[in-house]
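What's in my_file-v8.tsv: TSV, C-alpha atoms and all ligand atoms
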chain	number	residue	atom	x	y	z
B	1	MET	CA	106.88	66.43	81.12
B	2	ALA	CA	108.26	63.84	83.47
B	3	ALA	CA	106.46	60.50	83.48
B	4	SER	CA	104.15	59.82	86.38
B	5	THR	CA	104.41	56.05	86.42
B	6	LEU	CA	106.03	54.21	89.26
B	7	ILE	CA	108.82	52.44	87.47
B	8	PRO	CA	110.39	49.25	88.76
B	9	LEU	CA	114.07	49.97	88.90
B	10	PRO	CA	116.98	47.57	88.80
B	11	THR	CA	119.47	47.80	91.62
B	12	THR	CA	122.35	47.63	89.21
B	13	ALA	CA	125.25	50.02	89.39
B	14	PRO	CA	124.91	53.13	87.22
B	15	SER	CA	126.83	53.41	84.02
B	16	ALA	CA	129.78	55.74	84.30
B	17	PRO	CA	129.45	58.75	82.01
B	18	ALA	CA	132.66	60.43	81.00
B	19	ARG	CA	133.75	62.66	83.81
B	20	PRO	CA	134.33	66.25	82.67
B	21	ALA	CA	137.93	67.33	83.10
B	22	ASP	CA	138.58	68.90	86.50
B	23	PRO	CA	139.50	72.30	85.00
B	24	ILE	CA	136.17	72.40	83.13
B	25	LEU	CA	134.18	71.72	86.28
B	26	ALA	CA	136.34	74.13	88.26
B	27	ALA	CA	135.79	76.86	85.66
B	28	ALA	CA	132.04	76.31	85.72
B	29	ALA	CA	132.04	76.36	89.52
B	30	ALA	CA	134.02	79.60	89.54
B	31	ASP	CA	131.76	81.23	86.94
B	32	LEU	CA	128.64	80.27	88.85
B	33	ALA	CA	129.92	80.80	92.38
B	34	ASN	CA	127.92	83.99	92.86
B	35	ALA	CA	125.21	83.39	90.27
B	36	ARG	CA	121.51	83.44	91.11
B	37	PRO	CA	119.94	79.97	91.55
B	38	GLU	CA	117.81	80.55	88.46
B	39	ASP	CA	120.94	81.20	86.41
B	40	ILE	CA	122.70	78.15	87.81
B	41	LEU	CA	119.67	76.04	86.94
B	42	ARG	CA	119.48	77.61	83.48
B	43	TRP	CA	123.16	76.76	82.96
B	44	ALA	CA	122.55	73.15	84.07
B	45	VAL	CA	119.61	72.81	81.68
B	46	ARG	CA	121.64	74.26	78.81
B	47	GLU	CA	124.58	71.96	79.54
B	48	TYR	CA	122.86	68.72	80.40
B	49	HIS	CA	119.15	68.51	79.53
B	50	PRO	CA	117.70	66.01	78.58
B	51	ARG	CA	120.29	64.10	80.60
B	52	LEU	CA	119.65	66.17	83.70
B	53	LEU	CA	117.87	64.73	86.74
B	54	MET	CA	116.59	66.47	89.81
B	55	ALA	CA	115.90	64.74	93.13
B	56	THR	CA	113.65	66.26	95.75
B	57	ALA	CA	112.33	65.30	99.17
B	58	PHE	CA	109.76	68.10	98.75
B	59	GLY	CA	111.55	70.31	101.22
B	60	ALA	CA	111.01	74.05	100.97
B	61	GLU	CA	114.20	74.36	98.93
B	62	GLY	CA	113.18	71.66	96.46
B	63	CYS	CA	109.82	73.33	95.95
B	64	CYS	CA	111.63	76.56	95.02
B	65	LEU	CA	113.71	74.70	92.45
B	66	ILE	CA	110.61	73.05	90.96
B	67	HIS	CA	109.05	76.50	90.62
B	68	MET	CA	112.16	77.69	88.78
B	69	LEU	CA	112.25	74.59	86.58
B	70	ALA	CA	108.63	75.11	85.63
B	71	GLU	CA	109.70	78.41	84.07
B	72	ILE	CA	113.05	77.30	82.68
B	73	GLU	CA	112.45	73.71	81.49
B	74	PRO	CA	109.49	71.77	82.89
B	75	ASN	CA	110.54	68.60	81.05
B	76	VAL	CA	113.46	67.92	83.34
B	77	THR	CA	112.76	64.66	85.16
B	78	VAL	CA	112.24	65.20	88.87
B	79	ILE	CA	112.30	62.22	91.21
B	80	ASN	CA	111.41	61.61	94.84
B	81	LEU	CA	112.78	58.74	96.88
B	82	GLU	CA	109.56	57.30	98.21
B	83	THR	CA	110.90	55.32	101.15
B	84	GLY	CA	107.43	54.27	102.28
B	85	TYR	CA	108.00	56.27	105.44
B	86	GLN	CA	107.18	59.75	104.13
B	87	PHE	CA	104.54	61.87	105.82
B	88	PRO	CA	101.08	61.97	104.20
B	89	GLU	CA	101.55	65.74	103.97
B	90	THR	CA	104.64	65.17	101.83
B	91	LEU	CA	102.84	62.83	99.45
B	92	GLU	CA	99.97	65.27	99.20
B	93	LEU	CA	102.41	68.06	98.34
B	94	ARG	CA	103.44	66.09	95.27
B	95	GLU	CA	99.85	66.32	94.05
B	96	ARG	CA	99.65	70.06	94.72
B	97	ILE	CA	102.86	70.60	92.78
B	98	LYS	CA	101.49	68.57	89.90
B	99	ALA	CA	98.30	70.62	89.91
B	100	LYS	CA	100.13	73.95	90.01
B	101	TYR	CA	103.04	73.32	87.67
B	102	GLY	CA	102.05	70.26	85.64
B	103	ILE	CA	105.26	68.62	86.84
B	104	GLU	CA	104.73	65.02	87.93
B	105	VAL	CA	107.47	64.08	90.32
B	106	VAL	CA	108.35	60.42	89.76
B	107	TYR	CA	108.37	58.19	92.82
B	108	ILE	CA	111.41	55.97	93.09
B	109	ARG	CA	110.71	53.12	95.46
B	110	PRO	CA	113.02	50.64	97.17
B	111	GLU	CA	112.93	47.03	96.13
B	112	LEU	CA	111.00	45.96	99.24
B	113	SER	CA	107.81	47.48	100.61
B	114	VAL	CA	107.95	48.70	104.21
B	115	VAL	CA	106.06	45.59	105.33
B	116	ASP	CA	108.44	43.20	103.58
B	117	TYR	CA	111.50	45.17	104.65
B	118	GLU	CA	110.51	45.13	108.30
B	119	LEU	CA	109.63	41.45	108.07
B	120	GLU	CA	113.02	40.69	106.61
B	121	HIS	CA	114.81	42.56	109.38
B	122	GLY	CA	112.59	41.52	112.24
B	123	GLY	CA	111.31	45.03	112.83
B	124	ALA	CA	111.94	48.64	112.01
B	125	LEU	CA	115.57	49.17	111.08
B	126	TYR	CA	115.33	52.93	111.47
B	127	GLU	CA	115.25	52.48	115.25
B	128	HIS	CA	118.63	50.80	115.62
B	129	ARG	CA	120.39	50.95	112.25
B	130	PRO	CA	119.24	54.14	110.53
B	131	ASP	CA	122.33	54.27	108.32
B	132	GLN	CA	121.45	50.87	106.89
B	133	CYS	CA	117.82	51.89	106.49
B	134	CYS	CA	118.79	55.09	104.62
B	135	HIS	CA	121.22	53.12	102.50
B	136	ASP	CA	118.60	50.56	101.52
B	137	ARG	CA	115.69	52.95	101.08
B	138	LYS	CA	117.39	56.06	99.73
B	139	VAL	CA	120.94	55.52	98.47
B	140	LEU	CA	120.32	52.25	96.61
B	141	PRO	CA	117.09	53.52	94.98
B	142	LEU	CA	118.85	56.71	93.87
B	143	ARG	CA	121.66	54.60	92.46
B	144	ALA	CA	119.07	52.54	90.59
B	145	ALA	CA	117.40	55.71	89.32
B	146	MET	CA	120.77	56.91	88.07
B	147	ALA	CA	121.17	53.62	86.19
B	148	HIS	CA	117.68	53.96	84.73
B	149	TYR	CA	117.84	57.61	83.65
B	150	ASP	CA	121.57	57.66	82.94
B	151	PRO	CA	121.94	61.40	83.59
B	152	LEU	CA	125.10	63.38	83.05
B	153	ALA	CA	124.21	65.63	85.98
B	154	TRP	CA	121.77	65.81	88.87
B	155	VAL	CA	120.36	68.75	90.76
B	156	SER	CA	119.98	68.81	94.50
B	157	ALA	CA	118.44	71.45	96.75
B	158	ILE	CA	121.00	71.45	99.55
B	159	ARG	CA	122.16	74.66	101.25
B	160	ALA	CA	125.66	75.08	102.64
B	161	ASP	CA	124.43	76.34	105.99
B	162	GLN	CA	122.38	73.22	106.73
B	163	THR	CA	125.20	70.98	108.00
B	164	ASP	CA	128.94	71.17	108.56
B	165	ASN	CA	129.44	68.52	105.90
B	166	ARG	CA	127.62	70.59	103.30
B	167	ALA	CA	129.41	73.80	104.29
B	168	THR	CA	132.77	72.09	104.00
B	169	ASN	CA	132.38	69.83	101.01
B	170	ALA	CA	129.62	71.03	98.73
B	171	GLY	CA	130.16	73.23	95.68
B	172	VAL	CA	127.74	74.88	93.27
B	173	VAL	CA	129.03	72.51	90.59
B	174	GLN	CA	131.08	69.46	91.51
B	175	TRP	CA	131.83	65.88	90.60
B	176	ASP	CA	129.74	63.41	92.60
B	177	ALA	CA	131.90	60.34	93.03
B	178	LYS	CA	129.10	58.50	94.81
B	179	PHE	CA	126.91	58.46	91.72
B	180	ASN	CA	129.45	59.18	88.96
B	181	VAL	CA	127.71	62.29	87.68
B	182	VAL	CA	128.07	66.03	87.92
B	183	LYS	CA	126.13	67.47	90.84
B	184	VAL	CA	124.63	70.94	90.68
B	185	ASN	CA	123.53	72.70	93.88
B	186	PRO	CA	121.81	75.93	92.77
B	187	LEU	CA	120.72	76.90	96.29
B	188	LEU	CA	124.05	76.31	97.97
B	189	ARG	CA	124.56	79.97	98.88
B	190	TRP	CA	120.96	80.65	99.84
B	191	THR	CA	119.89	81.09	103.44
B	192	LYS	CA	116.66	79.93	105.01
B	193	LYS	CA	115.43	83.53	104.73
B	194	ASP	CA	116.10	83.50	100.98
B	195	VAL	CA	114.08	80.30	100.63
B	196	TRP	CA	111.05	81.54	102.52
B	197	GLY	CA	111.23	84.94	100.85
B	198	PHE	CA	111.05	83.20	97.45
B	199	ILE	CA	108.16	80.99	98.58
B	200	ALA	CA	106.17	83.98	99.80
B	201	LYS	CA	106.92	86.08	96.73
B	202	HIS	CA	105.95	83.38	94.23
B	203	ASP	CA	103.29	81.55	96.24
B	204	VAL	CA	105.22	78.29	95.98
B	205	PRO	CA	103.42	75.25	97.47
B	206	TYR	CA	105.17	73.91	100.57
B	207	ASN	CA	104.73	71.22	103.19
B	208	PRO	CA	102.24	72.38	105.87
B	209	LEU	CA	104.36	70.62	108.49
B	210	HIS	CA	106.73	73.59	108.22
B	211	ASP	CA	104.00	75.64	109.90
B	212	GLN	CA	104.17	73.23	112.86
B	213	ASN	CA	107.89	73.82	113.47
B	214	TYR	CA	109.11	70.98	111.32
B	215	ALA	CA	112.16	72.75	109.91
B	216	SER	CA	113.60	69.90	107.86
B	217	ILE	CA	111.30	67.10	106.80
B	218	GLY	CA	112.29	63.55	105.97
B	219	CYS	CA	110.69	60.24	106.90
B	220	TRP	CA	108.18	60.39	109.75
B	221	PRO	CA	110.02	57.97	112.06
B	222	CYS	CA	113.17	60.11	111.90
B	223	THR	CA	111.70	63.62	111.92
B	224	ARG	CA	110.24	65.74	114.70
B	225	ALA	CA	109.42	69.41	115.11
B	226	VAL	CA	112.27	71.56	116.39
B	227	LEU	CA	112.09	73.27	119.75
B	228	PRO	CA	112.82	76.97	120.32
B	229	GLY	CA	116.57	77.56	120.11
B	230	GLU	CA	117.34	74.30	118.29
B	231	ASP	CA	118.96	74.32	114.89
B	232	ASP	CA	116.95	73.28	111.86
B	233	ARG	CA	118.49	69.82	111.60
B	234	ALA	CA	117.85	69.00	115.26
B	235	GLY	CA	114.56	67.40	114.31
B	236	ARG	CA	116.22	64.88	112.00
B	237	TRP	CA	117.35	61.63	113.65
B	238	ALA	CA	116.93	63.38	117.00
B	239	GLY	CA	118.99	61.75	119.73
B	240	LYS	CA	121.34	60.16	117.22
B	241	VAL	CA	124.67	61.40	115.86
B	242	LYS	CA	123.38	60.86	112.35
B	243	LYS	CA	122.67	64.12	110.53
B	244	GLU	CA	122.74	63.07	106.87
B	245	CYS	CA	120.90	60.35	104.98
B	246	GLY	CA	124.02	59.57	102.98
B	247	LEU	CA	122.97	61.02	99.65
B	248	HIS	CA	125.04	64.15	100.09
B	249	VAL	CA	128.02	62.73	101.91
B	250	VAL	CA	131.21	62.84	99.91
B	251	GLU	CA	132.89	59.70	98.74
B	252	HIS	CA	136.43	60.07	97.56
B	253	SER	CA	137.51	57.88	94.72
B	254	GLN	CA	141.01	57.70	93.40
B	255	GLY	CA	141.87	61.02	94.91
B	256	SER	CA	138.77	62.66	93.53
B	257	GLY	CA	135.71	63.78	95.41
B	258	ILE	CA	134.28	67.19	95.86
B	301	LIG	S1	115.16	58.67	107.25
B	301	LIG	FE1	114.68	57.04	108.76
B	301	LIG	S2	112.96	55.86	107.91
B	301	LIG	FE2	113.82	57.14	106.26
B	301	LIG	S3	115.21	55.82	105.19
B	301	LIG	FE3	116.44	56.92	106.72
B	301	LIG	S4	116.41	55.68	108.61
B	301	LIG	FE4	114.83	54.87	107.20
Reformat the file's structure so that it appears as structure tokens.
Amino acid sequence: MAASTLIPLPTTAPSAPARPADPILAAAAADLANARPEDILRWAVREYHPRLLMATAFGAEGCCLIHMLAEIEPNVTVINLETGYQFPETLELRERIKAKYGIEVVYIRPELSVVDYELEHGGALYEHRPDQCCHDRKVLPLRAAMAHYDPLAWVSAIRADQTDNRATNAGVVQWDAKFNVVKVNPLLRWTKKDVWGFIAKHDVPYNPLHDQNYASIGCWPCTRAVLPGEDDRAGRWAGKVKKECGLHVVEHSQGSGI
């Protein structure tokens, strides 16, 4: 079972595990291209557990993966980047998941509390410099978590049809040059309908904000409900060009990338 404590994490760079040879990753990606999410997750557990880490923002997709992990391997460490700006409904969902599955999602917090962070920057950075805010409160903490847990692979709940970047660059199994680990995206080929069909079929806990037209849920200052006809990401950083928090954006390194 994952630990429930809030661990202070260093902001040091992660160690660099040996990168699997490109043909090995490519073969795995090809084998799993049309596999069911449960089978992709099972493969990841077989290959990498106990050095497998999952990150979730408690979106509907992440809740599906937690349900699957509870059946496949509930001891995989699952983390949440607790920016200090998450909705109360999101934090409460963590408790419902713990009660239902016995999986305690570990909060990973930034170095500075919201109060100290806003004091340091003379106000709320999300208003004018959301990229910096996401970097400080999501990317750096995830990097620190990588250094702490030293995984060989991490699991994310992204779907290809959520953003152009994901559709273009994400693979079911790929090298993540940003964090120097293998990244596994079991739900990449799923649609929104697949996600909600799974939730209904298995009675998976989900964020009640989804019932109020919040299609994609992040931090409260940067999330609003979507209007009829808008796409699901329209409620994230509404009015800004920003569409990604930076965790899933590809970084190319020495010709590599995803
Ligand atoms: S989503 Fe908004 S509040 Fe959350 S870390 Fe990014 S900019 Fe800051």
* To do: Would you mind reading off the distance between CA of Cys222 (chain B) and atom FE1 of ligand LIG 301 (chain B), one decimal, in Å?
  => 4.6 Å
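Closest approach to Tyr85 (chain B) among B:Asp22, B:Asp231, B:Asp39, B:Glu118 is made by B:Glu118 (distances from all atoms listed in the file).
Near ligand LIG 301 (chain B), at distances of 7 Å or less and with all atoms listed in the file counted, sit the residues Thr83, Tyr85, Leu125, Tyr126, Pro130, Asp131, Cys133, Cys134, Arg137, Lys138, Gly218, Cys219, Trp220, Pro221, Cys222 and Cys245 of chain B.
Closest to Ile40 (chain B) among B:Leu188, B:Ala124, B:Leu93, B:Cys63 is B:Leu188, based on only C-alpha atoms.
Those residues that approach Trp43 (chain B) to within 10 Å, counting all atoms listed in the file, are Ala28, Leu32, Pro37, Glu38, Tyr48, His49, Val184 and Pro186 of chain B; same-chain residues fewer than 5 positions away are not listed.
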* Asked: So which residues touch Asn80 (chain B) within 10 Å, counting only C-alpha atoms, skipping near sequence neighbours fewer than 6 positions away, as an NGL selection string?
  -> :B and (54-58 or 91 or 94 or 105-109 or 138 or 141-142)
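Distances to Ala60 (chain B) were evaluated for B:Thr90, B:Tyr101, B:Glu95, B:Glu230 using all atoms listed in the file, and the minimum falls at B:Thr90.
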* **Straight-line distance linking CA of Thr191 (chain B) with CA of Phe179 (chain B), stated in Å to one decimal** => 26.4 Å
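Counting from CA of Leu25 (chain B), the distance to CA of Leu187 (chain B) is 17.6 Å.
If you count only C-alpha atoms and ignore residues fewer than 2 places along the chain from Gln212 (chain B), what sits within 10 Å of it is Asn207, Pro208, Leu209, His210, Tyr214, Ala215, Arg224, Ala225 and Val226 of chain B.
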Residue rebuild result region 27-53 of chain B, N, CA and C atoms as a PDB file, in the coordinates of the input:
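rebuild31.pdb was written with the following content:
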ATOM      1  N   ALA B  27     136.113  75.594  86.326  1.00  0.00           N
ATOM      2  CA  ALA B  27     135.790  76.860  85.660  1.00  0.00           C
ATOM      3  C   ALA B  27     134.299  77.160  85.780  1.00  0.00           C
ATOM      4  N   ALA B  28     133.488  76.121  85.589  1.00  0.00           N
ATOM      5  CA  ALA B  28     132.040  76.310  85.720  1.00  0.00           C
ATOM      6  C   ALA B  28     131.689  76.720  87.143  1.00  0.00           C
ATOM      7  N   ALA B  29     132.310  76.041  88.113  1.00  0.00           N
ATOM      8  CA  ALA B  29     132.040  76.360  89.520  1.00  0.00           C
ATOM      9  C   ALA B  29     132.440  77.798  89.827  1.00  0.00           C
ATOM     10  N   ALA B  30     133.561  78.229  89.278  1.00  0.00           N
ATOM     11  CA  ALA B  30     134.020  79.600  89.540  1.00  0.00           C
ATOM     12  C   ALA B  30     133.080  80.603  88.884  1.00  0.00           C
ATOM     13  N   ASP B  31     132.675  80.324  87.652  1.00  0.00           N
ATOM     14  CA  ASP B  31     131.760  81.230  86.940  1.00  0.00           C
ATOM     15  C   ASP B  31     130.436  81.380  87.668  1.00  0.00           C
ATOM     16  N   LEU B  32     129.980  80.275  88.260  1.00  0.00           N
ATOM     17  CA  LEU B  32     128.640  80.270  88.850  1.00  0.00           C
ATOM     18  C   LEU B  32     128.635  80.503  90.363  1.00  0.00           C
ATOM     19  N   ALA B  33     129.810  80.716  90.917  1.00  0.00           N
ATOM     20  CA  ALA B  33     129.920  80.800  92.380  1.00  0.00           C
ATOM     21  C   ALA B  33     128.960  81.815  92.987  1.00  0.00           C
ATOM     22  N   ASN B  34     128.793  82.935  92.308  1.00  0.00           N
ATOM     23  CA  ASN B  34     127.920  83.990  92.860  1.00  0.00           C
ATOM     24  C   ASN B  34     126.667  84.209  92.016  1.00  0.00           C
ATOM     25  N   ALA B  35     126.381  83.243  91.157  1.00  0.00           N
ATOM     26  CA  ALA B  35     125.210  83.390  90.270  1.00  0.00           C
ATOM     27  C   ALA B  35     123.917  83.152  91.040  1.00  0.00           C
ATOM     28  N   ARG B  36     122.825  83.694  90.524  1.00  0.00           N
ATOM     29  CA  ARG B  36     121.510  83.440  91.110  1.00  0.00           C
ATOM     30  C   ARG B  36     121.122  81.983  90.860  1.00  0.00           C
ATOM     31  N   PRO B  37     120.351  81.370  91.766  1.00  0.00           N
ATOM     32  CA  PRO B  37     119.940  79.970  91.550  1.00  0.00           C
ATOM     33  C   PRO B  37     119.282  79.751  90.190  1.00  0.00           C
ATOM     34  N   GLU B  38     118.468  80.699  89.764  1.00  0.00           N
ATOM     35  CA  GLU B  38     117.810  80.550  88.460  1.00  0.00           C
ATOM     36  C   GLU B  38     118.842  80.444  87.345  1.00  0.00           C
ATOM     37  N   ASP B  39     119.911  81.215  87.463  1.00  0.00           N
ATOM     38  CA  ASP B  39     120.940  81.200  86.410  1.00  0.00           C
ATOM     39  C   ASP B  39     121.772  79.920  86.472  1.00  0.00           C
ATOM     40  N   ILE B  40     121.983  79.423  87.675  1.00  0.00           N
ATOM     41  CA  ILE B  40     122.700  78.150  87.810  1.00  0.00           C
ATOM     42  C   ILE B  40     121.868  77.023  87.188  1.00  0.00           C
ATOM     43  N   LEU B  41     120.576  77.054  87.485  1.00  0.00           N
ATOM     44  CA  LEU B  41     119.670  76.040  86.940  1.00  0.00           C
ATOM     45  C   LEU B  41     119.598  76.160  85.408  1.00  0.00           C
ATOM     46  N   ARG B  42     119.531  77.381  84.933  1.00  0.00           N
ATOM     47  CA  ARG B  42     119.480  77.610  83.480  1.00  0.00           C
ATOM     48  C   ARG B  42     120.747  77.051  82.826  1.00  0.00           C
ATOM     49  N   TRP B  43     121.886  77.287  83.470  1.00  0.00           N
ATOM     50  CA  TRP B  43     123.160  76.760  82.960  1.00  0.00           C
ATOM     51  C   TRP B  43     123.102  75.227  82.925  1.00  0.00           C
ATOM     52  N   ALA B  44     122.606  74.620  83.996  1.00  0.00           N
ATOM     53  CA  ALA B  44     122.550  73.150  84.070  1.00  0.00           C
ATOM     54  C   ALA B  44     121.643  72.599  82.962  1.00  0.00           C
ATOM     55  N   VAL B  45     120.529  73.257  82.737  1.00  0.00           N
ATOM     56  CA  VAL B  45     119.610  72.810  81.680  1.00  0.00           C
ATOM     57  C   VAL B  45     120.292  72.921  80.318  1.00  0.00           C
ATOM     58  N   ARG B  46     120.957  74.043  80.104  1.00  0.00           N
ATOM     59  CA  ARG B  46     121.640  74.260  78.810  1.00  0.00           C
ATOM     60  C   ARG B  46     122.740  73.211  78.597  1.00  0.00           C
ATOM     61  N   GLU B  47     123.459  72.892  79.662  1.00  0.00           N
ATOM     62  CA  GLU B  47     124.580  71.960  79.540  1.00  0.00           C
ATOM     63  C   GLU B  47     124.138  70.512  79.430  1.00  0.00           C
ATOM     64  N   TYR B  48     123.109  70.152  80.191  1.00  0.00           N
ATOM     65  CA  TYR B  48     122.860  68.720  80.400  1.00  0.00           C
ATOM     66  C   TYR B  48     121.496  68.191  79.985  1.00  0.00           C
ATOM     67  N   HIS B  49     120.464  69.019  79.917  1.00  0.00           N
ATOM     68  CA  HIS B  49     119.150  68.510  79.530  1.00  0.00           C
ATOM     69  C   HIS B  49     119.219  67.969  78.106  1.00  0.00           C
ATOM     70  N   PRO B  50     118.648  66.812  77.785  1.00  0.00           N
ATOM     71  CA  PRO B  50     117.700  66.010  78.580  1.00  0.00           C
ATOM     72  C   PRO B  50     118.359  65.011  79.539  1.00  0.00           C
ATOM     73  N   ARG B  51     119.685  65.059  79.657  1.00  0.00           N
ATOM     74  CA  ARG B  51     120.290  64.100  80.600  1.00  0.00           C
ATOM     75  C   ARG B  51     120.604  64.810  81.928  1.00  0.00           C
ATOM     76  N   LEU B  52     119.566  65.485  82.411  1.00  0.00           N
ATOM     77  CA  LEU B  52     119.650  66.170  83.700  1.00  0.00           C
ATOM     78  C   LEU B  52     118.522  65.614  84.574  1.00  0.00           C
ATOM     79  N   LEU B  53     118.842  65.318  85.815  1.00  0.00           N
ATOM     80  CA  LEU B  53     117.870  64.730  86.740  1.00  0.00           C
ATOM     81  C   LEU B  53     117.852  65.564  88.003  1.00  0.00           C
TER      82      LEU B  53
END
